[in-house]
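*Asks:* The following block contains the structure, expressed as structure tokens.
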Amino acid sequence: MTSLRQVQITFDCAEPERVARFWCEVLGYVVPPPPEGFADWAAYDGSLPPERQGAGFVAMDPTGAGPRLYFQRVPEGKVVKNRVHLDVRAATGLVGEERLAALEAECARLVALGAVRGQLLLADEYNESCLNMQDVEGNEFCLD
């Protein structure tokens, strides 16, 4: 019998908290409460050895339905295209001009948060229109 498993998506990045907070805004996610005994995440982070401070940060779906996102600091920068990326479903069920308008509106919101607009891919006989973008550290994602 197959059982369902929860999934966590992990991002390698230079600034975990910055990237996590960006994705919280994109997805409506939240930062979980700090560990017991700490007033906030800054206090917890300050309790860690210097080499572990700022090394990771979490974003989570407040409903518990979506996957947990974990952001971990790595020493190397991003050098090639992501092999896996998130599709942000901003225009589900919409087609034509209505879909394009929804994609453009969400793109404008995300650019204001620090995202970078990429190429608009117009609908063809197989796929609806989508918009390629990059997050605050250059990780690709699509508005779909």
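Just remember, in the structure tokens the first chain shown is A, the second B, etc., residues are 1-based per chain, and ligands are 1-based in the order shown.
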List as a PDB file with N, CA and C atoms, in the first residue's frame the protein and nucleic acid residues near region 76-92 of chain A, meaning an atom at most 9 Å away when only C-alpha atoms are counted, but skip any in the same chain fewer than 5 places from it.

*Replies:*
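Contents of the output file result28.pdb:
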```
ATOM      1  N   ASP A  12      19.026  26.215  -2.310  1.00  0.00           N
ATOM      2  CA  ASP A  12      20.370  26.671  -1.987  1.00  0.00           C
ATOM      3  C   ASP A  12      20.418  28.154  -2.317  1.00  0.00           C
ATOM      4  N   CYS A  13      21.012  28.957  -1.431  1.00  0.00           N
ATOM      5  CA  CYS A  13      21.041  30.398  -1.663  1.00  0.00           C
ATOM      6  C   CYS A  13      22.138  31.047  -0.828  1.00  0.00           C
ATOM      7  N   ALA A  14      22.369  32.318  -1.064  1.00  0.00           N
ATOM      8  CA  ALA A  14      23.363  33.076  -0.314  1.00  0.00           C
ATOM      9  C   ALA A  14      22.765  33.702   0.947  1.00  0.00           C
ATOM     10  N   VAL A  26       5.305  35.957  -2.023  1.00  0.00           N
ATOM     11  CA  VAL A  26       4.798  35.410  -3.288  1.00  0.00           C
ATOM     12  C   VAL A  26       3.644  34.458  -3.038  1.00  0.00           C
ATOM     13  N   LEU A  27       3.821  33.553  -2.081  1.00  0.00           N
ATOM     14  CA  LEU A  27       2.881  32.445  -1.893  1.00  0.00           C
ATOM     15  C   LEU A  27       1.881  32.629  -0.762  1.00  0.00           C
ATOM     16  N   GLU A  98      -7.673  37.483 -20.786  1.00  0.00           N
ATOM     17  CA  GLU A  98      -7.912  37.458 -19.335  1.00  0.00           C
ATOM     18  C   GLU A  98      -6.723  36.816 -18.615  1.00  0.00           C
ATOM     19  N   ARG A  99      -6.196  35.734 -19.178  1.00  0.00           N
ATOM     20  CA  ARG A  99      -5.026  35.062 -18.599  1.00  0.00           C
ATOM     21  C   ARG A  99      -3.808  35.982 -18.639  1.00  0.00           C
ATOM     22  N   LEU A 100      -3.573  36.610 -19.792  1.00  0.00           N
ATOM     23  CA  LEU A 100      -2.428  37.512 -19.919  1.00  0.00           C
ATOM     24  C   LEU A 100      -2.510  38.660 -18.918  1.00  0.00           C
ATOM     25  N   ALA A 101      -3.689  39.204 -18.721  1.00  0.00           N
ATOM     26  CA  ALA A 101      -3.866  40.300 -17.762  1.00  0.00           C
ATOM     27  C   ALA A 101      -3.551  39.832 -16.336  1.00  0.00           C
ATOM     28  N   ALA A 102      -3.996  38.635 -15.971  1.00  0.00           N
ATOM     29  CA  ALA A 102      -3.715  38.098 -14.638  1.00  0.00           C
ATOM     30  C   ALA A 102      -2.215  37.859 -14.453  1.00  0.00           C
ATOM     31  N   LEU A 103      -1.572  37.323 -15.475  1.00  0.00           N
ATOM     32  CA  LEU A 103      -0.117  37.094 -15.402  1.00  0.00           C
ATOM     33  C   LEU A 103       0.634  38.415 -15.262  1.00  0.00           C
ATOM     34  N   GLU A 106       0.173  39.911 -11.695  1.00  0.00           N
ATOM     35  CA  GLU A 106       0.986  39.210 -10.690  1.00  0.00           C
ATOM     36  C   GLU A 106       2.467  39.494 -10.911  1.00  0.00           C
ATOM     37  N   CYS A 130       2.382  31.497 -20.268  1.00  0.00           N
ATOM     38  CA  CYS A 130       3.027  31.576 -18.955  1.00  0.00           C
ATOM     39  C   CYS A 130       4.145  32.607 -19.045  1.00  0.00           C
ATOM     40  N   GLU A 137      17.323  35.975  -5.882  1.00  0.00           N
ATOM     41  CA  GLU A 137      18.686  35.465  -6.074  1.00  0.00           C
ATOM     42  C   GLU A 137      18.877  34.814  -7.434  1.00  0.00           C
ATOM     43  N   GLY A 138      17.928  35.031  -8.350  1.00  0.00           N
ATOM     44  CA  GLY A 138      18.093  34.533  -9.700  1.00  0.00           C
ATOM     45  C   GLY A 138      17.563  33.138  -9.958  1.00  0.00           C
ATOM     46  N   ASN A 139      16.863  32.538  -8.996  1.00  0.00           N
ATOM     47  CA  ASN A 139      16.253  31.226  -9.219  1.00  0.00           C
ATOM     48  C   ASN A 139      15.030  31.379 -10.112  1.00  0.00           C
ATOM     49  N   GLU A 140      14.989  30.572 -11.174  1.00  0.00           N
ATOM     50  CA  GLU A 140      13.878  30.664 -12.112  1.00  0.00           C
ATOM     51  C   GLU A 140      12.585  30.108 -11.521  1.00  0.00           C
ATOM     52  N   PHE A 141      11.490  30.727 -11.897  1.00  0.00           N
ATOM     53  CA  PHE A 141      10.155  30.194 -11.619  1.00  0.00           C
ATOM     54  C   PHE A 141       9.229  30.706 -12.695  1.00  0.00           C
ATOM     55  N   CYS A 142       8.076  30.115 -12.800  1.00  0.00           N
ATOM     56  CA  CYS A 142       7.108  30.511 -13.820  1.00  0.00           C
ATOM     57  C   CYS A 142       5.829  31.009 -13.170  1.00  0.00           C
ATOM     58  N   LEU A 143       5.233  32.010 -13.770  1.00  0.00           N
ATOM     59  CA  LEU A 143       3.863  32.375 -13.465  1.00  0.00           C
ATOM     60  C   LEU A 143       3.026  31.616 -14.479  1.00  0.00           C
ATOM     61  N   ASP A 144       2.100  30.824 -13.985  1.00  0.00           N
ATOM     62  CA  ASP A 144       1.322  29.924 -14.825  1.00  0.00           C
ATOM     63  C   ASP A 144      -0.150  30.216 -14.636  1.00  0.00           C
TER      64      ASP A 144
END
```

*Asks:* Quick check for you: according to DSSP on this backbone, which residues of region 2-132 of chain A are classed as alpha helix (DSSP H)? Reply as number ranges by chain.

*Replies:* A: 16-27, 41-46, 96-112

*Asks:* Write the residues of the preceding selection, restricted to N, CA, C and O atoms, as a short mmCIF file (atom, residue, chain, number, x, y, z; two decimals), in the first residue's frame.

*Replies:*
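New file out.cif:
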```
data_model
loop_
_atom_site.label_atom_id
_atom_site.label_comp_id
_atom_site.auth_asym_id
_atom_site.auth_seq_id
_atom_site.Cartn_x
_atom_site.Cartn_y
_atom_site.Cartn_z
N PRO A 16 19.52 33.11 3.09
CA PRO A 16 18.30 32.35 3.33
C PRO A 16 17.10 33.17 3.82
O PRO A 16 15.99 33.00 3.30
N GLU A 17 17.29 34.05 4.78
CA GLU A 17 16.14 34.80 5.29
C GLU A 17 15.55 35.70 4.22
O GLU A 17 14.33 35.78 4.06
N ARG A 18 16.38 36.38 3.45
CA ARG A 18 15.90 37.27 2.39
C ARG A 18 15.09 36.50 1.36
O ARG A 18 13.99 36.92 0.97
N VAL A 19 15.59 35.36 0.92
CA VAL A 19 14.89 34.57 -0.10
C VAL A 19 13.61 33.99 0.48
O VAL A 19 12.55 33.99 -0.17
N ALA A 20 13.66 33.51 1.72
CA ALA A 20 12.46 32.95 2.36
C ALA A 20 11.37 34.00 2.50
O ALA A 20 10.20 33.73 2.21
N ARG A 21 11.73 35.18 2.92
CA ARG A 21 10.72 36.24 3.09
C ARG A 21 10.12 36.65 1.73
O ARG A 21 8.94 36.96 1.64
N PHE A 22 10.92 36.64 0.67
CA PHE A 22 10.40 36.89 -0.67
C PHE A 22 9.32 35.85 -1.00
O PHE A 22 8.21 36.19 -1.41
N TRP A 23 9.64 34.56 -0.81
CA TRP A 23 8.68 33.51 -1.14
C TRP A 23 7.46 33.53 -0.24
O TRP A 23 6.36 33.16 -0.67
N CYS A 24 7.60 33.98 1.01
CA CYS A 24 6.42 34.17 1.86
C CYS A 24 5.46 35.15 1.22
O CYS A 24 4.25 34.91 1.17
N GLU A 25 5.98 36.25 0.70
CA GLU A 25 5.14 37.25 0.04
C GLU A 25 4.53 36.71 -1.25
O GLU A 25 3.37 36.98 -1.55
N VAL A 26 5.31 35.96 -2.02
CA VAL A 26 4.80 35.41 -3.29
C VAL A 26 3.64 34.46 -3.04
O VAL A 26 2.60 34.52 -3.70
N LEU A 27 3.82 33.55 -2.08
CA LEU A 27 2.88 32.45 -1.89
C LEU A 27 1.88 32.63 -0.76
O LEU A 27 1.01 31.77 -0.57
N TRP A 41 13.20 34.97 15.86
CA TRP A 41 14.23 34.23 15.15
C TRP A 41 15.60 34.88 15.29
O TRP A 41 16.63 34.20 15.28
N ALA A 42 15.66 36.20 15.41
CA ALA A 42 16.94 36.89 15.59
C ALA A 42 17.61 36.44 16.89
O ALA A 42 18.82 36.21 16.93
N ALA A 43 16.82 36.30 17.95
CA ALA A 43 17.37 35.84 19.23
C ALA A 43 17.87 34.40 19.11
O ALA A 43 18.95 34.06 19.61
N TYR A 44 17.10 33.56 18.44
CA TYR A 44 17.55 32.18 18.23
C TYR A 44 18.83 32.15 17.41
O TYR A 44 19.80 31.47 17.76
N ASP A 45 18.84 32.89 16.31
CA ASP A 45 20.01 32.91 15.44
C ASP A 45 21.24 33.38 16.20
O ASP A 45 22.33 32.83 16.03
N GLY A 46 21.08 34.38 17.06
CA GLY A 46 22.19 34.90 17.85
C GLY A 46 22.73 33.90 18.86
O GLY A 46 23.86 34.04 19.32
N GLY A 96 -6.58 33.27 -22.90
CA GLY A 96 -6.57 34.46 -23.74
C GLY A 96 -6.15 35.72 -23.01
O GLY A 96 -5.25 35.70 -22.17
N GLU A 97 -6.82 36.82 -23.36
CA GLU A 97 -6.47 38.13 -22.79
C GLU A 97 -6.66 38.18 -21.28
O GLU A 97 -5.91 38.85 -20.57
N GLU A 98 -7.67 37.48 -20.79
CA GLU A 98 -7.91 37.46 -19.34
C GLU A 98 -6.72 36.82 -18.62
O GLU A 98 -6.28 37.29 -17.57
N ARG A 99 -6.20 35.73 -19.18
CA ARG A 99 -5.03 35.06 -18.60
C ARG A 99 -3.81 35.98 -18.64
O ARG A 99 -3.08 36.12 -17.66
N LEU A 100 -3.57 36.61 -19.79
CA LEU A 100 -2.43 37.51 -19.92
C LEU A 100 -2.51 38.66 -18.92
O LEU A 100 -1.50 39.03 -18.31
N ALA A 101 -3.69 39.20 -18.72
CA ALA A 101 -3.87 40.30 -17.76
C ALA A 101 -3.55 39.83 -16.34
O ALA A 101 -2.90 40.55 -15.57
N ALA A 102 -4.00 38.64 -15.97
CA ALA A 102 -3.72 38.10 -14.64
C ALA A 102 -2.22 37.86 -14.45
O ALA A 102 -1.66 38.16 -13.39
N LEU A 103 -1.57 37.32 -15.47
CA LEU A 103 -0.12 37.09 -15.40
C LEU A 103 0.63 38.42 -15.26
O LEU A 103 1.55 38.54 -14.44
N GLU A 104 0.24 39.41 -16.03
CA GLU A 104 0.91 40.72 -15.97
C GLU A 104 0.71 41.39 -14.62
O GLU A 104 1.64 42.00 -14.08
N ALA A 105 -0.49 41.29 -14.06
CA ALA A 105 -0.76 41.89 -12.75
C ALA A 105 0.09 41.23 -11.67
O ALA A 105 0.69 41.91 -10.83
N GLU A 106 0.17 39.91 -11.69
CA GLU A 106 0.99 39.21 -10.69
C GLU A 106 2.47 39.49 -10.91
O GLU A 106 3.22 39.67 -9.96
N CYS A 107 2.88 39.57 -12.15
CA CYS A 107 4.27 39.91 -12.46
C CYS A 107 4.64 41.27 -11.87
O CYS A 107 5.68 41.42 -11.24
N ALA A 108 3.79 42.25 -12.04
CA ALA A 108 4.05 43.59 -11.50
C ALA A 108 4.18 43.55 -9.98
O ALA A 108 5.08 44.19 -9.41
N ARG A 109 3.32 42.78 -9.32
CA ARG A 109 3.41 42.65 -7.85
C ARG A 109 4.74 42.03 -7.45
O ARG A 109 5.40 42.50 -6.51
N LEU A 110 5.17 40.99 -8.15
CA LEU A 110 6.39 40.29 -7.79
C LEU A 110 7.64 41.09 -8.12
O LEU A 110 8.62 41.04 -7.38
N VAL A 111 7.61 41.84 -9.21
CA VAL A 111 8.74 42.71 -9.54
C VAL A 111 8.93 43.75 -8.44
O VAL A 111 10.05 44.06 -8.04
N ALA A 112 7.84 44.26 -7.88
CA ALA A 112 7.93 45.21 -6.78
C ALA A 112 8.56 44.58 -5.54
O ALA A 112 9.15 45.29 -4.71
#
```

*Asks:* Could you check the closest approach to Phe71 (chain A) for each of A:Leu120, A:Ile9, A:Val30, A:Leu94 and tell me which residue wins, using only C-alpha atoms?

*Replies:* A:Ile9

*Asks:* Which residue is closest to Val58 (chain A)? Choose from A:Thr2, A:Gln134, A:Gln72, A:Asn127 and count only C-alpha atoms.

*Replies:*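 Among the listed residues, the smallest separation from Val58 (chain A) belongs to A:Gln72.
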
*Asks:* How would you write, as a PyMOL selection string, the set of residues in chain A that DSSP gives as strand (DSSP E)?

*Replies:* chain A and resi 8-13+56-59+68-73+86-88+116-121+130-134+140-143

*Asks:* Could you work out how far CA of Gln53 (chain A) lies from CA of Pro35 (chain A), giving the answer in Å with one decimal?

*Replies:*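 Rounded to one decimal, the two atoms are 14.7 Å apart.
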
*Asks:* Quick one: residues within 10 Å of Val7 (chain A), only C-alpha atoms, excluding same-chain residues fewer than 4 positions away - as a list in words?

*Replies:*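 Listed by chain and then number, they are Gly66, Pro67, Arg68 and Leu69 of chain A.
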
*Asks:* Could you tell me which of A:Pro75, A:Gly93, A:Gly28, A:Gly114 comes closest to Val136 (chain A) if we count only C-alpha atoms?

*Replies:*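 For Val136 (chain A), the nearest of the candidates is A:Gly114.
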
*Asks:* Give me the residues within 7 Å of Gly118 (chain A) as a list of chain:residue names, counting only C-alpha atoms and dropping any in the same chain fewer than 5 places off.

*Replies:*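 Contacts, with the query itself left out: A:Leu131, A:Asn132, A:Met133.
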